[in-house]
file protein30.txt (compact mmCIF, C-alpha atoms (C1' of nucleotides))
# COMPACT_ATOMS: atom_id res chain seq x y z
CA MET V 1 0.00 0.00 0.00
CA ASP V 2 1.50 3.28 -1.08
CA SER V 3 -1.10 5.71 0.19
CA GLY V 4 1.05 6.75 3.06
CA ILE V 5 -0.58 4.54 5.62
CA ARG V 6 2.00 4.38 8.30
CA ALA V 7 0.54 3.12 11.48
CA ARG V 8 2.13 4.44 14.59
CA LYS V 9 4.68 2.09 15.97
CA SER V 10 3.13 2.23 19.38
CA ALA V 11 3.09 -0.92 21.42
CA LEU V 12 0.48 -3.43 20.45
CA SER V 13 -1.31 -5.57 22.95
CA VAL V 14 -1.83 -9.29 22.63
CA VAL V 15 -5.33 -10.42 21.77
CA GLY V 16 -4.93 -14.18 21.46
CA GLY V 17 -4.52 -16.93 18.97
CA PRO V 18 -3.40 -18.99 17.25
CA ILE V 19 -3.99 -17.40 13.87
CA SER V 20 -2.29 -16.90 10.53
CA LEU V 21 -3.08 -13.35 9.47
CA ASP V 22 -1.63 -13.73 5.98
CA LEU V 23 -3.77 -16.78 5.25
CA THR V 24 -6.88 -15.32 6.84
CA LEU V 25 -6.69 -12.00 5.00
CA ARG V 26 -5.62 -13.46 1.66
CA SER V 27 -8.14 -16.28 1.31
CA GLY V 28 -10.90 -14.49 -0.57
CA GLN V 29 -13.16 -13.80 2.40
CA VAL V 30 -12.52 -10.09 2.69
CA PHE V 31 -10.92 -7.71 0.24
CA HIS V 32 -9.98 -4.37 1.73
CA TRP V 33 -7.00 -5.05 4.01
CA ASP V 34 -3.47 -3.86 3.31
CA ARG V 35 -0.24 -5.57 4.28
CA LEU V 36 2.57 -3.27 5.37
CA GLU V 37 6.23 -3.94 4.76
CA ASP V 38 6.81 -5.11 8.31
CA GLY V 39 4.15 -7.82 7.84
CA SER V 40 1.44 -6.17 9.90
CA TRP V 41 -1.96 -5.43 8.37
CA VAL V 42 -4.12 -2.32 8.44
CA GLY V 43 -7.78 -2.03 7.62
CA LEU V 44 -11.22 -1.19 8.83
CA ILE V 45 -13.49 -3.28 10.98
CA GLY V 46 -16.74 -1.57 10.11
CA ASP V 47 -15.74 2.07 10.41
CA ARG V 48 -12.94 1.58 12.90
CA PHE V 49 -9.35 1.68 11.71
CA VAL V 50 -7.10 -0.94 13.26
CA ARG V 51 -3.63 -2.33 12.85
CA VAL V 52 -3.12 -6.01 13.52
CA SER V 53 0.05 -7.98 13.73
CA GLU V 54 1.10 -11.52 14.36
CA ARG V 55 3.84 -12.51 16.77
CA ASN V 56 4.59 -16.14 17.52
CA GLY V 57 1.21 -17.10 16.09
CA ALA V 58 -0.64 -14.73 18.40
CA LEU V 59 -2.66 -11.74 17.29
CA GLU V 60 -1.80 -8.25 18.49
CA THR V 61 -3.56 -4.94 17.96
CA ASP V 62 -3.73 -1.34 19.12
CA ARG V 63 -4.68 -0.76 22.71
CA GLY V 64 -8.44 -0.31 22.91
CA SER V 65 -9.23 -2.42 19.85
CA GLU V 66 -8.75 -5.82 21.49
CA GLY V 67 -12.44 -6.62 21.81
CA ILE V 68 -13.55 -5.93 18.26
CA VAL V 69 -10.42 -7.54 16.86
CA ARG V 70 -10.97 -10.70 18.88
CA ASN V 71 -14.55 -10.86 17.60
CA TYR V 72 -13.77 -9.99 13.98
CA PHE V 73 -11.02 -12.58 13.69
CA SER V 74 -13.13 -15.21 15.46
CA LEU V 75 -10.54 -16.14 18.05
CA ASP V 76 -13.31 -18.05 19.85
CA HIS V 77 -13.59 -20.60 17.02
CA PRO V 78 -12.28 -23.93 18.37
CA LEU V 79 -9.59 -24.68 15.81
CA ASP V 80 -8.52 -27.91 17.54
CA GLU V 81 -12.06 -29.25 17.41
CA ILE V 82 -12.47 -28.05 13.82
CA TYR V 83 -9.26 -29.76 12.75
CA ALA V 84 -10.23 -32.96 14.54
CA ALA V 85 -13.41 -32.96 12.47
CA PHE V 86 -11.58 -32.52 9.15
CA PRO V 87 -12.35 -35.27 6.63
CA ASP V 88 -9.65 -37.90 6.31
CA ASP V 89 -8.73 -37.76 2.65
CA PRO V 90 -5.50 -36.64 0.96
CA LEU V 91 -6.89 -33.40 -0.43
CA SER V 92 -8.37 -32.22 2.85
CA ARG V 93 -5.25 -33.26 4.80
CA GLU V 94 -3.06 -31.35 2.40
CA ALA V 95 -5.32 -28.29 2.62
CA LEU V 96 -5.14 -28.43 6.41
CA GLU V 97 -1.34 -28.60 6.47
CA MET V 98 -1.17 -25.74 3.98
CA CYS V 99 -3.67 -23.46 5.73
CA ARG V 100 -3.25 -24.15 9.45
CA GLY V 101 -4.22 -20.99 11.37
CA MET V 102 -6.60 -19.59 8.77
CA ARG V 103 -9.81 -18.41 10.41
CA ILE V 104 -13.28 -17.65 9.10
CA ILE V 105 -13.82 -14.04 10.14
CA ARG V 106 -17.02 -12.30 11.28
CA GLN V 107 -17.76 -9.58 8.78
CA PRO V 108 -20.31 -6.81 9.09
CA ARG V 109 -23.47 -8.11 7.41
CA TRP V 110 -24.15 -5.43 4.87
CA GLU V 111 -20.52 -5.03 3.83
CA CYS V 112 -20.23 -8.78 3.25
CA LEU V 113 -23.53 -9.11 1.39
CA ALA V 114 -22.81 -6.13 -0.86
CA THR V 115 -19.27 -7.24 -1.65
CA PHE V 116 -20.32 -10.73 -2.66
CA ILE V 117 -23.14 -9.39 -4.85
CA THR V 118 -20.35 -7.78 -6.86
CA SER V 119 -18.26 -10.96 -6.87
CA SER V 120 -20.04 -12.98 -9.55
CA MET V 121 -17.74 -14.07 -12.36
CA LYS V 122 -14.94 -11.91 -11.03
CA GLN V 123 -11.48 -12.83 -9.87
CA VAL V 124 -10.42 -12.04 -6.32
CA ALA V 125 -8.22 -9.15 -7.46
CA HIS V 126 -11.15 -7.60 -9.32
CA ILE V 127 -13.44 -7.91 -6.34
CA ARG V 128 -10.88 -6.02 -4.30
CA ALA V 129 -10.61 -3.31 -6.95
CA MET V 130 -14.40 -2.88 -7.07
CA SER V 131 -14.64 -2.81 -3.27
CA LEU V 132 -11.99 -0.09 -3.04
CA ALA V 133 -13.63 1.94 -5.81
CA ILE V 134 -17.04 1.75 -4.12
CA ARG V 135 -15.50 2.75 -0.81
CA LYS V 136 -13.64 5.67 -2.33
CA SER V 137 -16.65 6.91 -4.31
CA PHE V 138 -19.37 6.53 -1.70
CA GLY V 139 -17.94 5.62 1.68
CA PRO V 140 -17.19 7.85 4.66
CA GLN V 141 -13.52 8.70 5.00
CA ILE V 142 -11.82 7.35 8.11
CA GLY V 143 -8.38 8.89 8.35
CA GLU V 144 -6.62 7.93 5.13
CA VAL V 145 -9.01 5.16 4.09
CA PHE V 146 -12.69 4.75 3.33
CA ALA V 147 -15.33 2.61 5.01
CA TYR V 148 -17.95 0.68 3.06
CA PRO V 149 -20.97 2.89 2.28
CA SER V 150 -24.21 2.20 4.13
CA PRO V 151 -27.27 0.75 2.35
CA GLY V 152 -28.91 4.17 2.52
CA VAL V 153 -26.04 5.89 0.75
CA LEU V 154 -25.88 3.26 -2.00
CA ALA V 155 -29.67 3.30 -2.33
CA ARG V 156 -29.42 6.94 -3.36
CA ALA V 157 -26.63 6.29 -5.85
CA ASP V 158 -27.36 5.89 -9.55
CA GLU V 159 -26.45 2.95 -11.71
CA PRO V 160 -23.95 4.74 -13.99
CA SER V 161 -21.82 5.85 -11.05
CA LEU V 162 -21.83 2.29 -9.71
CA ARG V 163 -20.84 1.01 -13.14
CA ALA V 164 -18.00 3.49 -13.03
CA CYS V 165 -16.63 1.40 -10.16
CA GLY V 166 -16.25 -1.51 -12.57
CA LEU V 167 -19.40 -3.39 -11.57
CA GLY V 168 -20.84 -3.94 -15.04
CA TYR V 169 -24.20 -5.73 -14.94
CA ARG V 170 -23.80 -6.25 -11.18
CA ALA V 171 -24.51 -2.55 -10.56
CA ALA V 172 -28.28 -2.96 -10.92
CA ASN V 173 -28.32 -5.84 -8.43
CA LEU V 174 -26.32 -3.99 -5.80
CA LEU V 175 -28.53 -0.93 -6.21
CA ALA V 176 -31.77 -2.93 -5.94
CA THR V 177 -30.61 -4.83 -2.86
CA ALA V 178 -29.32 -1.65 -1.21
CA ARG V 179 -32.79 -0.14 -1.68
CA ARG V 180 -34.53 -3.11 -0.09
CA VAL V 181 -32.27 -2.96 2.92
CA ALA V 182 -32.48 0.82 3.20
CA ASP V 183 -36.28 0.63 2.91
CA GLY V 184 -36.39 -1.67 5.88
CA LYS V 185 -38.01 -4.40 3.79
CA VAL V 186 -35.11 -6.54 4.88
CA ASP V 187 -33.49 -6.31 8.32
CA LEU V 188 -30.09 -7.97 8.10
CA GLU V 189 -29.66 -8.03 11.88
CA ALA V 190 -33.07 -9.53 12.55
CA LEU V 191 -32.39 -12.24 9.96
CA SER V 192 -29.64 -13.60 12.20
CA ARG V 193 -32.28 -15.26 14.37
CA LEU V 194 -33.49 -17.47 11.52
CA GLU V 195 -32.56 -21.10 11.05
CA THR V 196 -29.95 -21.54 8.35
CA GLU V 197 -32.39 -22.79 5.72
CA ASP V 198 -34.81 -19.90 6.30
CA LEU V 199 -31.94 -17.42 6.35
CA ARG V 200 -30.61 -18.80 3.07
CA ASN V 201 -34.07 -18.44 1.52
CA ALA V 202 -34.37 -14.87 2.76
CA LEU V 203 -30.98 -13.98 1.27
CA THR V 204 -31.59 -15.62 -2.11
CA ALA V 205 -34.76 -13.53 -2.41
CA LEU V 206 -32.52 -10.47 -2.81
CA PRO V 207 -31.46 -9.27 -6.27
CA GLY V 208 -28.08 -10.65 -7.28
CA VAL V 209 -28.04 -13.25 -4.51
CA GLY V 210 -28.18 -16.89 -5.55
CA VAL V 211 -27.25 -19.95 -3.53
CA LYS V 212 -23.51 -19.46 -3.85
CA VAL V 213 -23.47 -15.82 -2.72
CA ALA V 214 -25.96 -16.63 0.04
CA ASN V 215 -23.64 -19.33 1.35
CA CYS V 216 -20.72 -16.91 1.37
CA VAL V 217 -22.78 -14.49 3.45
CA LEU V 218 -23.98 -17.30 5.74
CA LEU V 219 -20.40 -18.37 6.34
CA PHE V 220 -18.63 -15.00 6.54
CA ALA V 221 -21.29 -12.81 8.18
CA TYR V 222 -23.77 -15.08 9.99
CA GLU V 223 -21.46 -17.61 11.67
CA ARG V 224 -22.97 -20.60 9.87
CA LEU V 225 -19.79 -22.65 9.77
CA ASP V 226 -21.46 -25.53 7.93
CA ALA V 227 -22.40 -23.37 4.91
CA VAL V 228 -20.51 -24.37 1.77
CA PRO V 229 -20.21 -21.87 -1.10
CA ILE V 230 -19.60 -23.85 -4.31
CA ASP V 231 -17.79 -21.71 -6.84
CA VAL V 232 -15.84 -22.97 -9.86
CA TRP V 233 -12.83 -23.89 -7.70
CA ILE V 234 -14.78 -25.89 -5.12
CA HIS V 235 -16.79 -27.42 -7.94
CA ARG V 236 -13.58 -28.82 -9.38
CA VAL V 237 -12.47 -30.05 -5.95
CA LEU V 238 -15.77 -31.85 -5.36
CA LEU V 239 -15.58 -33.32 -8.85
CA SER V 240 -12.15 -34.68 -8.06
CA MET V 241 -13.34 -36.13 -4.75
CA ARG V 242 -16.13 -37.88 -6.67
CA ARG V 243 -13.61 -39.16 -9.21
CA GLY V 244 -15.05 -37.04 -11.98
CA ARG V 245 -18.69 -37.77 -11.32
CA ASP V 246 -20.59 -34.52 -11.84
CA GLY V 247 -24.07 -33.73 -10.59
CA THR V 248 -26.67 -31.02 -10.18
CA ALA V 249 -26.00 -28.15 -7.82
CA ALA V 250 -28.27 -29.73 -5.21
CA GLN V 251 -26.52 -33.08 -5.45
CA LEU V 252 -23.07 -31.53 -5.06
CA ALA V 253 -24.28 -29.44 -2.12
CA ARG V 254 -25.58 -32.57 -0.42
CA TYR V 255 -22.37 -34.40 -1.10
CA ALA V 256 -20.27 -31.52 0.28
CA ARG V 257 -22.31 -31.29 3.46
CA ARG V 258 -22.01 -35.01 4.11
CA ARG V 259 -18.41 -35.35 3.03
CA LEU V 260 -16.95 -32.22 4.65
CA GLY V 261 -18.60 -32.65 8.05
CA PRO V 262 -19.96 -30.31 10.73
CA TYR V 263 -17.45 -27.55 9.93
CA ALA V 264 -17.89 -27.94 6.19
CA GLY V 265 -17.51 -24.21 5.65
CA TYR V 266 -14.05 -24.21 7.24
CA VAL V 267 -12.99 -27.24 5.21
CA GLN V 268 -14.31 -25.59 2.09
CA GLN V 269 -12.28 -22.44 2.78
CA TYR V 270 -9.08 -24.44 3.21
CA LEU V 271 -9.76 -26.45 0.05
CA PHE V 272 -10.51 -23.25 -1.84
CA HIS V 273 -7.19 -21.71 -0.88
CA ARG V 274 -5.22 -24.87 -1.58
CA ALA V 275 -6.78 -25.21 -5.03
CA ARG V 276 -6.05 -21.61 -5.96
CA VAL V 277 -2.48 -21.60 -4.71
CA SER V 278 -1.51 -24.93 -6.22
CA SER V 279 -2.89 -24.01 -9.64
CA LYS V 280 -0.40 -21.18 -10.12
C1' DC F 1 -6.99 -12.52 -29.66
C1' DG F 2 -9.48 -16.24 -26.63
C1' DC F 3 -10.10 -17.78 -22.11
C1' DC F 4 -11.40 -17.46 -17.38
C1' DA F 5 -13.13 -15.51 -13.03
C1' DG F 6 -15.68 -17.07 -5.22
C1' DG F 7 -22.79 -16.52 -10.65
C1' DG F 8 -27.60 -14.89 -11.15
C1' DT F 9 -31.57 -14.89 -13.85
C1' DC F 10 -34.55 -15.90 -17.49
C1' DT F 11 -36.22 -18.93 -21.11
C1' DC F 12 -37.24 -23.04 -23.24
C1' DG F 13 -37.83 -28.04 -23.62
C1' DC N 1 -36.86 -29.93 -13.11
C1' DG N 2 -32.52 -29.18 -15.98
C1' DA N 3 -29.70 -27.23 -19.61
C1' DG N 4 -28.31 -22.84 -22.21
C1' DA N 5 -28.04 -17.99 -23.28
C1' DC N 6 -26.94 -13.75 -21.70
C1' DC N 7 -25.13 -10.48 -18.79
C1' DA N 8 -19.73 -6.65 -18.19
C1' DT N 9 -15.09 -6.31 -16.91
C1' DG N 10 -10.13 -6.99 -16.63
C1' DG N 11 -5.83 -9.89 -16.40
C1' DC N 12 -3.23 -13.02 -18.78
call {"tool": "encode", "arguments": {"input": "protein30.txt", "output": "structure tokens"}}
result
Amino acid sequence: MDSGIRARKSALSVVGGPISLDLTLRSGQVFHWDRLEDGSWVGLIGDRFVRVSERNGALETDRGSEGIVRNYFSLDHPLDEIYAAFPDDPLSREALEMCRGMRIIRQPRWECLATFITSSMKQVAHIRAMSLAIRKSFGPQIGEVFAYPSPGVLARADEPSLRACGLGYRAANLLATARRVADGKVDLEALSRLETEDLRNALTALPGVGVKVANCVLLFAYERLDAVPIDVWIHRVLLSMRRGRDGTAAQLARYARRRLGPYAGYVQQYLFHRARVSSK
DNA sequence: CGCCAGGGTCTCG
DNA sequence: CGAGACCATGGC
């Protein structure tokens, strides 16, 4: 990052762990963090600017930010239990060894939903570029960076200026969903009380949200750790696990749930990262 | 240039 | 219900 972000080198306080920040922030869950030369990361949690760093596998942050950092990076997730529940096949074992310490983070609901509406048929680098453009064009400035704009702000935007952020045909979907949320027709916080199936149905009723995007939001913003987004990468992984036997989306979803276990979303995230890294 | 990317939606059989 | 067309954009 060259925008002059130079976090103060004040002492950081230990939050907990274990965690791998690099893996967590580079695994296609979230797209707006910046890695500094010293290996620490800076970014916004909602509209709060924080610096996080990793020392001996433990997470550190600025004094006063410990609570929100601990929550955002899900330090309460029981990694030992999750790893014990990993499926016992070569691919999953390899993914685990490659990604140990990666955590599924707790993202703000709207920010996560909106970002993944823009993600369809886009590479991770493009999603990041669109996210930064939307933030810069519409979001409130926090110091030297920009937070994600609220539903109300985006609801009052027009489609051409969203397209100017590189969204293409996704602009209309983001605009329409922003309006439904801003109208109060959908309450993203209240939805958190729904059972996973009902929550998935409520999300897929929104413009630009199909099963895959809904599962991303379930996993990254609603703590449903068994939700399995099936994108082209995971599709290939599942195909390989089934020795080439393809199936309908529903069949593959059923297979993934059964095969990947109670923390299927975690397993999926590790498999996703392994597949992407090893293809380069 | 063709191909691919953390897909959704609509149409047609 | 399931397969196909179409939808923009950018990196390689």
call {"tool": "interface_residues", "arguments": {"input": "protein30.txt", "of": "chain F", "to": "chain V", "cutoff": "12 Å", "atoms": "all atoms listed in the file", "output": "list of chain:residue names"}}
result
F:DC4, F:DA5, F:DG6, F:DG7, F:DG8, F:DT9
call {"tool": "interface_residues", "arguments": {"input": "protein30.txt", "of": "chain N", "to": "chain V", "cutoff": "10 Å", "atoms": "only C-alpha atoms (C1' of nucleotides)", "output": "list in words"}}
result
DG2, DC7, DA8, DT9, DG10 and DG11 of chain N
call {"tool": "residues_around", "arguments": {"input": "protein30.txt", "residues": "Glu189 of chain V", "least_positions_apart": "6", "cutoff": "10 Å", "atoms": "only C-alpha atoms (C1' of nucleotides)", "output": "mmCIF file with C-alpha atoms, keeping the file's coordinate frame"}}
result
data_model
loop_
_atom_site.group_PDB
_atom_site.id
_atom_site.type_symbol
_atom_site.label_atom_id
_atom_site.label_comp_id
_atom_site.auth_asym_id
_atom_site.auth_seq_id
_atom_site.Cartn_x
_atom_site.Cartn_y
_atom_site.Cartn_z
ATOM 1 C CA PRO V 108 -20.310 -6.810 9.090
ATOM 2 C CA ARG V 109 -23.470 -8.110 7.410
ATOM 3 C CA TRP V 110 -24.150 -5.430 4.870
ATOM 4 C CA TYR V 222 -23.770 -15.080 9.990
#
call {"tool": "atom_distance", "arguments": {"input": "protein30.txt", "atom1": "atom CA of Leu271 of chain V", "atom2": "atom CA of Asp22 of chain V"}}
result
16.2 Å
call {"tool": "atom_distance", "arguments": {"input": "protein30.txt", "atom1": "atom CA of Ala190 of chain V", "atom2": "atom CA of Ala176 of chain V"}}
result
19.7 Å
call {"tool": "closest_residue", "arguments": {"input": "protein30.txt", "among": "V:Leu96, V:Val181, V:Leu252, V:Leu44", "to": "Val153 of chain V", "atoms": "all atoms listed in the file"}}
result
V:Val181
call {"tool": "atom_distance", "arguments": {"input": "protein30.txt", "atom1": "atom CA of Trp33 of chain V", "atom2": "atom CA of Asp76 of chain V"}}
result
21.4 Å
